[in-house]
Amino acid sequence: MAGYQRFVAYVYEYRKGKKDGSSGYVRVEARDRKCRVEVHLRCVGLEPGSRCRVYGFVRQEGLMDGILIGSCVTGRERIECALETDTGDIGGMGKSLQELGGLLLISDAGGFWGTEWDDQPIRPENFREWKKKETESRKETEKIGTEYQKAAEKKGREREEKEEENQKDGTLPEVQENQKESDRIMTVEEIQEDVLKTSETGNSYQAPGPHPPEPPRLGQPSPHPPEPPRPGQPSPHPPEPPRPGQPSPHPPELPRPGQPSPHPPKPSRPEPSRPLPGIPCDDPFNDGYFTDCRKIRPSDCSALCRKNGCFCSNRFVMYGYQNFGHLLLCRNPRGQYILGVPGGYSQQERFMANMFGFPYFKECPDIHIPGGKGGYWYCFINI
């Protein structure tokens, strides 16, 4: 059947950037302009209720640009869903099914699965999501250009019709020229010049000498403005000084003895209203930047704030806790709290940390990584 294509591809899970065992398969069926993708995966230890996004990817400049096809919610140890898109315009990004190199599945809990049919390896650290901003901005520019062209053509037709009416009515050429001038769109420079001419109505007085008088206000010319005093000379009409024993009519606002300053410094960030969990510890970085350091567990995150409950099931957090036995809670000089996950620094680790919401890294001598740098990947949290 013309325009019909169907195939099955096996899907593999990727752990720590490396290909692991098979988790299931995807069935892709393309009929005319309709492409249907069915996902059937079995994943041991997968928690239910997590969002899983399905991407088709194209390879560009050594990277895998992911086109979002759709998303689903994971079940208990399984991912089952069916998604549909346009065969010739996958995800609305202008790429066809034949241009895809494979499919990727990424869950909010940190799972990464992939399948390829272009015989090139999948490297999770080379994945990036292809946003629709560029495509939408290009379409918007084309739309604006089309609307502008239509408006210009409409303006031209109206002008031609007006000229024809003037010729029929016997309107003088001078009047026609004035009408054309009134219809002309003024430039920014012409508008500024017109405003200056309007603001300079009347004969404003210009005193001789290198010290011209203060210009009059708009629409109110002053025929004889007072000459300002020269530098180092007193004003010809100085204000009357205060009498002895009387305060100045405009004294500077100074705080009185025993009273606070009229501009007190901003109060520092309030301390948390409840005691913090965990065990207090010394500054692991030995530079004094972070204070109030504590070693905590993943279950303590939800006790700090409900918004932090997502860290309890974060796979990156659990991985760091299982390897080093603790997480780090600290406060910076601005009073902001950070949650640190112990680990090593590498390009692969940086990719995983960013994907799970930990974009910052600080080296620590207490975290020992053979042949590499150890420290904490951290992010800001609510307390």
# chains A, B, ... in the order shown; residues from 1 in each chain; ligands from 1

call {"tool": "residues_around", "arguments": {"residues": "Pro124 in chain A", "least_positions_apart": "2", "cutoff": "6 Å", "atoms": "only C-alpha atoms", "output": "list in words"}}
result
Gly17, Asn126 and Phe127 of chain A

call {"tool": "residues_around", "arguments": {"residues": "Gly343 in chain A", "least_positions_apart": "6", "cutoff": "12 Å", "atoms": "only C-alpha atoms", "output": "ChimeraX atom specification"}}
result
/A:316-328,349-350,352-353,358,360-370,372-378

call {"tool": "write_last_selection", "arguments": {"atoms": "N, CA, C and O atoms", "output": "CSV table (one decimal), in the first residue's frame"}}
result
chain,number,residue,atom,x,y,z
A,316,PHE,N,18.6,11.3,41.2
A,316,PHE,CA,19.9,11.8,41.3
A,316,PHE,C,20.2,12.0,42.8
A,316,PHE,O,21.4,11.8,43.3
A,317,VAL,N,19.2,12.5,43.6
A,317,VAL,CA,19.4,12.7,45.0
A,317,VAL,C,19.6,11.3,45.7
A,317,VAL,O,20.5,11.2,46.6
A,318,MET,N,18.8,10.4,45.3
A,318,MET,CA,18.9,9.0,45.9
A,318,MET,C,20.3,8.4,45.6
A,318,MET,O,20.9,7.7,46.4
A,319,TYR,N,20.8,8.6,44.4
A,319,TYR,CA,22.0,8.0,44.0
A,319,TYR,C,23.2,8.6,44.8
A,319,TYR,O,24.0,7.9,45.3
A,320,GLY,N,23.2,9.9,45.0
A,320,GLY,CA,24.2,10.6,45.8
A,320,GLY,C,24.1,10.1,47.3
A,320,GLY,O,25.1,9.9,48.0
A,321,TYR,N,22.9,10.0,47.8
A,321,TYR,CA,22.7,9.6,49.2
A,321,TYR,C,23.2,8.2,49.4
A,321,TYR,O,23.8,7.9,50.5
A,322,GLN,N,22.9,7.3,48.5
A,322,GLN,CA,23.3,5.9,48.6
A,322,GLN,C,24.8,5.7,48.6
A,322,GLN,O,25.3,4.9,49.3
A,323,ASN,N,25.5,6.6,47.8
A,323,ASN,CA,26.9,6.4,47.7
A,323,ASN,C,27.7,7.1,48.8
A,323,ASN,O,28.8,6.6,49.2
A,324,PHE,N,27.1,8.2,49.4
A,324,PHE,CA,27.9,8.9,50.4
A,324,PHE,C,27.2,9.0,51.8
A,324,PHE,O,27.7,9.5,52.7
A,325,GLY,N,25.9,8.6,51.8
A,325,GLY,CA,25.3,8.5,53.1
A,325,GLY,C,24.7,9.8,53.7
A,325,GLY,O,24.2,9.8,54.8
A,326,HIS,N,24.7,10.9,52.9
A,326,HIS,CA,24.1,12.1,53.4
A,326,HIS,C,23.9,13.1,52.3
A,326,HIS,O,24.4,12.9,51.2
A,327,LEU,N,23.0,14.1,52.6
A,327,LEU,CA,22.9,15.3,51.8
A,327,LEU,C,23.3,16.5,52.6
A,327,LEU,O,23.5,16.4,53.8
A,328,LEU,N,23.5,17.6,51.9
A,328,LEU,CA,24.0,18.8,52.6
A,328,LEU,C,23.0,19.9,52.6
A,328,LEU,O,22.5,20.2,51.5
A,349,GLU,N,28.3,13.6,34.5
A,349,GLU,CA,27.7,13.9,35.8
A,349,GLU,C,27.0,15.3,35.7
A,349,GLU,O,25.9,15.5,36.3
A,350,ARG,N,27.6,16.2,35.0
A,350,ARG,CA,27.0,17.6,34.9
A,350,ARG,C,25.7,17.5,34.1
A,350,ARG,O,24.7,18.2,34.4
A,352,MET,N,23.7,14.9,33.9
A,352,MET,CA,22.7,14.3,34.8
A,352,MET,C,22.2,15.2,35.9
A,352,MET,O,21.0,15.3,36.2
A,353,ALA,N,23.1,16.0,36.5
A,353,ALA,CA,22.8,16.9,37.5
A,353,ALA,C,21.9,18.0,37.0
A,353,ALA,O,20.9,18.4,37.7
A,358,PHE,N,20.0,20.2,39.5
A,358,PHE,CA,21.1,20.7,40.3
A,358,PHE,C,22.2,21.3,39.4
A,358,PHE,O,23.1,20.6,39.0
A,360,TYR,N,24.5,23.7,39.9
A,360,TYR,CA,25.7,24.3,40.4
A,360,TYR,C,26.6,23.2,41.1
A,360,TYR,O,26.1,22.2,41.7
A,361,PHE,N,27.9,23.4,41.0
A,361,PHE,CA,28.8,22.5,41.6
A,361,PHE,C,29.9,23.3,42.4
A,361,PHE,O,30.4,24.3,41.9
A,362,LYS,N,30.2,22.7,43.6
A,362,LYS,CA,31.3,23.3,44.4
A,362,LYS,C,32.2,22.2,44.9
A,362,LYS,O,31.7,21.3,45.5
A,363,GLU,N,33.4,22.4,44.7
A,363,GLU,CA,34.4,21.3,45.0
A,363,GLU,C,34.6,21.3,46.6
A,363,GLU,O,34.6,22.3,47.2
A,364,CYS,N,34.7,20.1,47.1
A,364,CYS,CA,34.9,19.9,48.5
A,364,CYS,C,36.0,18.8,48.8
A,364,CYS,O,36.0,17.8,48.2
A,365,PRO,N,36.9,19.1,49.7
A,365,PRO,CA,38.0,18.2,49.9
A,365,PRO,C,37.5,16.9,50.7
A,365,PRO,O,38.3,15.9,50.7
A,366,ASP,N,36.4,17.0,51.3
A,366,ASP,CA,35.9,15.8,52.0
A,366,ASP,C,35.3,14.7,51.1
A,366,ASP,O,35.0,13.6,51.6
A,367,ILE,N,34.9,15.1,49.9
A,367,ILE,CA,34.4,14.1,49.0
A,367,ILE,C,35.5,13.6,48.0
A,367,ILE,O,36.0,14.3,47.2
A,368,HIS,N,35.8,12.3,48.2
A,368,HIS,CA,37.0,11.8,47.5
A,368,HIS,C,36.4,11.0,46.3
A,368,HIS,O,35.7,10.0,46.5
A,369,ILE,N,36.9,11.4,45.1
A,369,ILE,CA,36.6,10.7,43.9
A,369,ILE,C,37.9,10.2,43.2
A,369,ILE,O,38.7,11.0,42.9
A,370,PRO,N,38.1,8.9,43.1
A,370,PRO,CA,39.4,8.4,42.5
A,370,PRO,C,39.5,9.0,41.1
A,370,PRO,O,38.7,8.8,40.2
A,372,GLY,N,39.4,12.1,40.1
A,372,GLY,CA,38.6,13.2,39.7
A,372,GLY,C,38.3,14.1,40.8
A,372,GLY,O,38.9,14.0,41.9
A,373,LYS,N,37.5,15.1,40.5
A,373,LYS,CA,37.1,16.1,41.5
A,373,LYS,C,35.9,15.7,42.2
A,373,LYS,O,34.9,15.3,41.6
A,374,GLY,N,35.9,15.9,43.6
A,374,GLY,CA,34.7,15.6,44.4
A,374,GLY,C,34.1,16.9,45.0
A,374,GLY,O,34.8,17.8,45.2
A,375,GLY,N,32.8,16.9,45.2
A,375,GLY,CA,32.2,18.0,45.8
A,375,GLY,C,30.7,17.8,45.9
A,375,GLY,O,30.2,16.7,46.0
A,376,TYR,N,29.9,18.9,45.8
A,376,TYR,CA,28.5,18.9,45.9
A,376,TYR,C,27.8,19.6,44.7
A,376,TYR,O,28.2,20.7,44.3
A,377,TRP,N,26.9,18.9,44.1
A,377,TRP,CA,26.0,19.5,43.1
A,377,TRP,C,24.8,20.1,44.0
A,377,TRP,O,24.2,19.3,44.8
A,378,TYR,N,24.4,21.3,43.8
A,378,TYR,CA,23.4,21.9,44.6
A,378,TYR,C,22.5,22.8,43.9
A,378,TYR,O,22.7,23.2,42.7

call {"tool": "residues_around", "arguments": {"residues": "range 74-91 of chain A", "least_positions_apart": "6", "cutoff": "12 Å", "atoms": "only C-alpha atoms", "output": "PyMOL selection string"}}
result
chain A and resi 3-5+11+23-58+66-68+97-100+103+105-109+111+113+129-132+135

call {"tool": "closest_residue", "arguments": {"among": "A:Arg157, A:Arg315, A:Lys18, A:Arg59", "to": "Arg123 in chain A", "atoms": "only C-alpha atoms"}}
result
A:Lys18

call {"tool": "atom_distance", "arguments": {"atom1": "CA of Met64 in chain A", "atom2": "CA of Tyr14 in chain A"}}
result
15.0 Å

call {"tool": "atom_distance", "arguments": {"atom1": "CA of Lys19 in chain A", "atom2": "CA of Gly344 in chain A"}}
result
20.5 Å
